[in-house]
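Here is the structure we will look at, set down as structure tokens.
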Amino acid sequence: MKTPYTAVFAAAAVVVLLLLTEAELSRAATCNPAQLSPCVSAITSSSPPSKLCCTKIKEQKPCLCQYLRNPNLKKFVNTPNARKVASTCGTPYPKC
């Protein structure tokens with residue numbers, strides 16, 4: 001017995017949707033402020049950020065609002081130097 005084309009199309013559409021959803025989830029950042037450790041020297045001094053620092057800031061950008069709301073982290077990530085480092089890396093702070 002042949003499967004109707006609509007059933008095959010629907011099954012294919014579901015598979016594509018699941019793959020797209022999984023791909024989107026894999027791109028989501030894992031919020032871990034320790035990932036910003038390569039930026040400590042740039043944030044605490046006037047030294048320019050390293051490429052690794054910029055990469056980590058870009059990866060953690062979806063988490064910045066969460067960090068800014070955390071009283072323990074806010075004092076580190078809500079400073080003029082931290083904003084300058086992010087801006088230098090091409091990652092301006094989000095409006096939270």
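Residue numbering restarts at 1 in every chain; chains get A, B, ... in the order shown in the structure tokens, and ligands count up from 1 in that same order.
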_Give me the residues near Thr91 in chain A as a ChimeraX atom specification, where near means some atom within 12 Å (using only C-alpha atoms) and where sequence neighbours in that chain fewer than 6 positions away do not count._
/A:53-62,64,82-85
*asked:* I want to know what sits within 12 Å of Val40 in chain A, based on only C-alpha atoms, with residues of the same chain fewer than 4 positions away left out; could you give that as a list of chain:residue names?
replied: A:Pro33, A:Ala34, A:Gln35, A:Leu36, A:Thr44, A:Ser45, A:Ser46, A:Ser47, A:Pro48, A:Pro49, A:Ser50, A:Leu52, A:Cys53, A:Cys54, A:Lys56, A:Ile57, A:Phe76, A:Val77, A:Asn81, A:Ala82, A:Val85, A:Ala86
Expected file: the selected residues, N, CA, C and O atoms, as a compact mmCIF listing (two decimals), in the first residue's frame:
# COMPACT_ATOMS: atom_id res chain seq x y z
N PRO A 33 29.10 33.02 33.80
CA PRO A 33 29.95 34.22 33.88
C PRO A 33 31.44 33.90 33.92
O PRO A 33 32.25 34.74 33.54
N ALA A 34 31.81 32.70 34.33
CA ALA A 34 33.23 32.32 34.33
C ALA A 34 33.80 32.31 32.91
O ALA A 34 35.01 32.42 32.74
N GLN A 35 32.92 32.18 31.91
CA GLN A 35 33.37 32.21 30.53
C GLN A 35 33.95 33.58 30.15
O GLN A 35 34.65 33.70 29.15
N LEU A 36 33.66 34.60 30.95
CA LEU A 36 34.18 35.93 30.68
C LEU A 36 35.55 36.16 31.33
O LEU A 36 36.09 37.26 31.25
N THR A 44 39.50 45.32 34.11
CA THR A 44 40.07 45.92 35.31
C THR A 44 41.22 46.88 35.01
O THR A 44 41.75 47.52 35.92
N SER A 45 41.63 46.99 33.76
CA SER A 45 42.69 47.92 33.39
C SER A 45 42.30 48.59 32.08
O SER A 45 41.19 48.43 31.61
N SER A 46 43.23 49.29 31.51
CA SER A 46 42.93 49.94 30.24
C SER A 46 43.50 49.15 29.06
O SER A 46 43.56 49.66 27.94
N SER A 47 43.89 47.90 29.30
CA SER A 47 44.44 47.09 28.20
C SER A 47 43.32 46.69 27.25
O SER A 47 42.17 46.49 27.66
N PRO A 48 43.63 46.55 25.97
CA PRO A 48 42.60 46.17 25.00
C PRO A 48 42.20 44.71 25.20
O PRO A 48 42.99 43.89 25.66
N PRO A 49 40.96 44.39 24.84
CA PRO A 49 40.51 42.99 24.97
C PRO A 49 41.19 42.09 23.95
O PRO A 49 41.48 42.50 22.83
N SER A 50 41.42 40.85 24.35
CA SER A 50 42.00 39.87 23.45
C SER A 50 40.92 39.34 22.51
O SER A 50 39.72 39.54 22.73
N LEU A 52 40.13 36.25 22.25
CA LEU A 52 39.39 35.28 23.04
C LEU A 52 38.34 35.98 23.89
O LEU A 52 37.20 35.53 23.99
N CYS A 53 38.72 37.11 24.49
CA CYS A 53 37.76 37.89 25.28
C CYS A 53 36.57 38.29 24.41
O CYS A 53 35.42 38.12 24.81
N CYS A 54 36.84 38.83 23.25
CA CYS A 54 35.75 39.26 22.36
C CYS A 54 34.86 38.09 21.95
O CYS A 54 33.63 38.22 21.90
N LYS A 56 34.30 35.41 23.70
CA LYS A 56 33.50 35.03 24.87
C LYS A 56 32.39 36.04 25.14
O LYS A 56 31.27 35.66 25.50
N ILE A 57 32.67 37.32 24.95
CA ILE A 57 31.62 38.33 25.15
C ILE A 57 30.49 38.12 24.14
O ILE A 57 29.32 38.19 24.50
N PHE A 76 30.63 43.89 38.64
CA PHE A 76 31.73 43.62 37.72
C PHE A 76 31.36 43.92 36.27
O PHE A 76 32.18 44.41 35.51
N VAL A 77 30.13 43.59 35.89
CA VAL A 77 29.76 43.73 34.48
C VAL A 77 29.08 45.06 34.17
O VAL A 77 28.92 45.40 33.01
N ASN A 81 34.39 50.35 32.19
CA ASN A 81 35.39 49.55 31.46
C ASN A 81 34.77 48.30 30.84
O ASN A 81 35.13 47.92 29.73
N ALA A 82 33.84 47.65 31.53
CA ALA A 82 33.19 46.46 30.97
C ALA A 82 32.41 46.84 29.71
O ALA A 82 32.44 46.13 28.71
N VAL A 85 34.90 47.52 26.90
CA VAL A 85 35.44 46.28 26.35
C VAL A 85 34.42 45.66 25.40
O VAL A 85 34.74 45.27 24.28
N ALA A 86 33.16 45.58 25.84
CA ALA A 86 32.12 45.00 24.99
C ALA A 86 31.97 45.81 23.70
O ALA A 86 31.85 45.24 22.62
Do a neighbour search on Cys96 in chain A at 10 Å with only C-alpha atoms, toss out local chain neighbours closer than 5 positions, and write the hits as a CSV table (one decimal) with all heavy atoms, in the first residue's frame.
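Result file result-v4.csv:
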chain,number,residue,atom,x,y,z
A,64,LEU,N,23.9,38.7,29.2
A,64,LEU,CA,24.3,40.0,29.8
A,64,LEU,C,23.2,40.6,30.7
A,64,LEU,O,23.5,41.0,31.8
A,64,LEU,CB,24.8,41.0,28.8
A,64,LEU,CG,26.2,40.6,28.2
A,64,LEU,CD1,26.6,41.7,27.2
A,64,LEU,CD2,27.3,40.5,29.3
A,65,CYS,N,22.0,40.5,30.3
A,65,CYS,CA,20.9,41.1,31.1
A,65,CYS,C,20.8,40.3,32.4
A,65,CYS,O,20.6,40.9,33.5
A,65,CYS,CB,19.6,41.1,30.3
A,65,CYS,SG,19.5,42.4,29.1
A,66,GLN,N,20.9,39.0,32.3
A,66,GLN,CA,20.8,38.2,33.5
A,66,GLN,C,22.0,38.5,34.4
A,66,GLN,O,21.8,38.6,35.7
A,66,GLN,CB,21.0,36.7,33.1
A,66,GLN,CG,21.0,35.7,34.2
A,66,GLN,CD,21.2,34.3,33.7
A,66,GLN,OE1,20.9,34.0,32.6
A,66,GLN,NE2,21.8,33.5,34.6
A,68,LEU,N,23.5,41.4,34.6
A,68,LEU,CA,23.3,42.8,35.1
A,68,LEU,C,22.2,42.8,36.2
A,68,LEU,O,22.2,43.7,37.1
A,68,LEU,CB,22.9,43.7,34.0
A,68,LEU,CG,24.0,44.0,33.0
A,68,LEU,CD1,23.4,44.7,31.7
A,68,LEU,CD2,25.0,44.9,33.6
A,69,ARG,N,21.3,41.8,36.2
A,69,ARG,CA,20.3,41.8,37.3
A,69,ARG,C,20.8,41.1,38.5
A,69,ARG,O,20.2,41.1,39.6
A,69,ARG,CB,19.0,41.1,36.7
A,69,ARG,CG,18.2,41.9,35.8
A,69,ARG,CD,16.9,41.2,35.5
A,69,ARG,NE,17.0,40.0,34.7
A,69,ARG,CZ,17.0,39.9,33.4
A,69,ARG,NH1,16.8,41.0,32.7
A,69,ARG,NH2,17.1,38.7,32.8
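Our summary of the geometry notes that CA of Lys51 in chain A is positioned 22.5 Å from CA of Leu73 in chain A.
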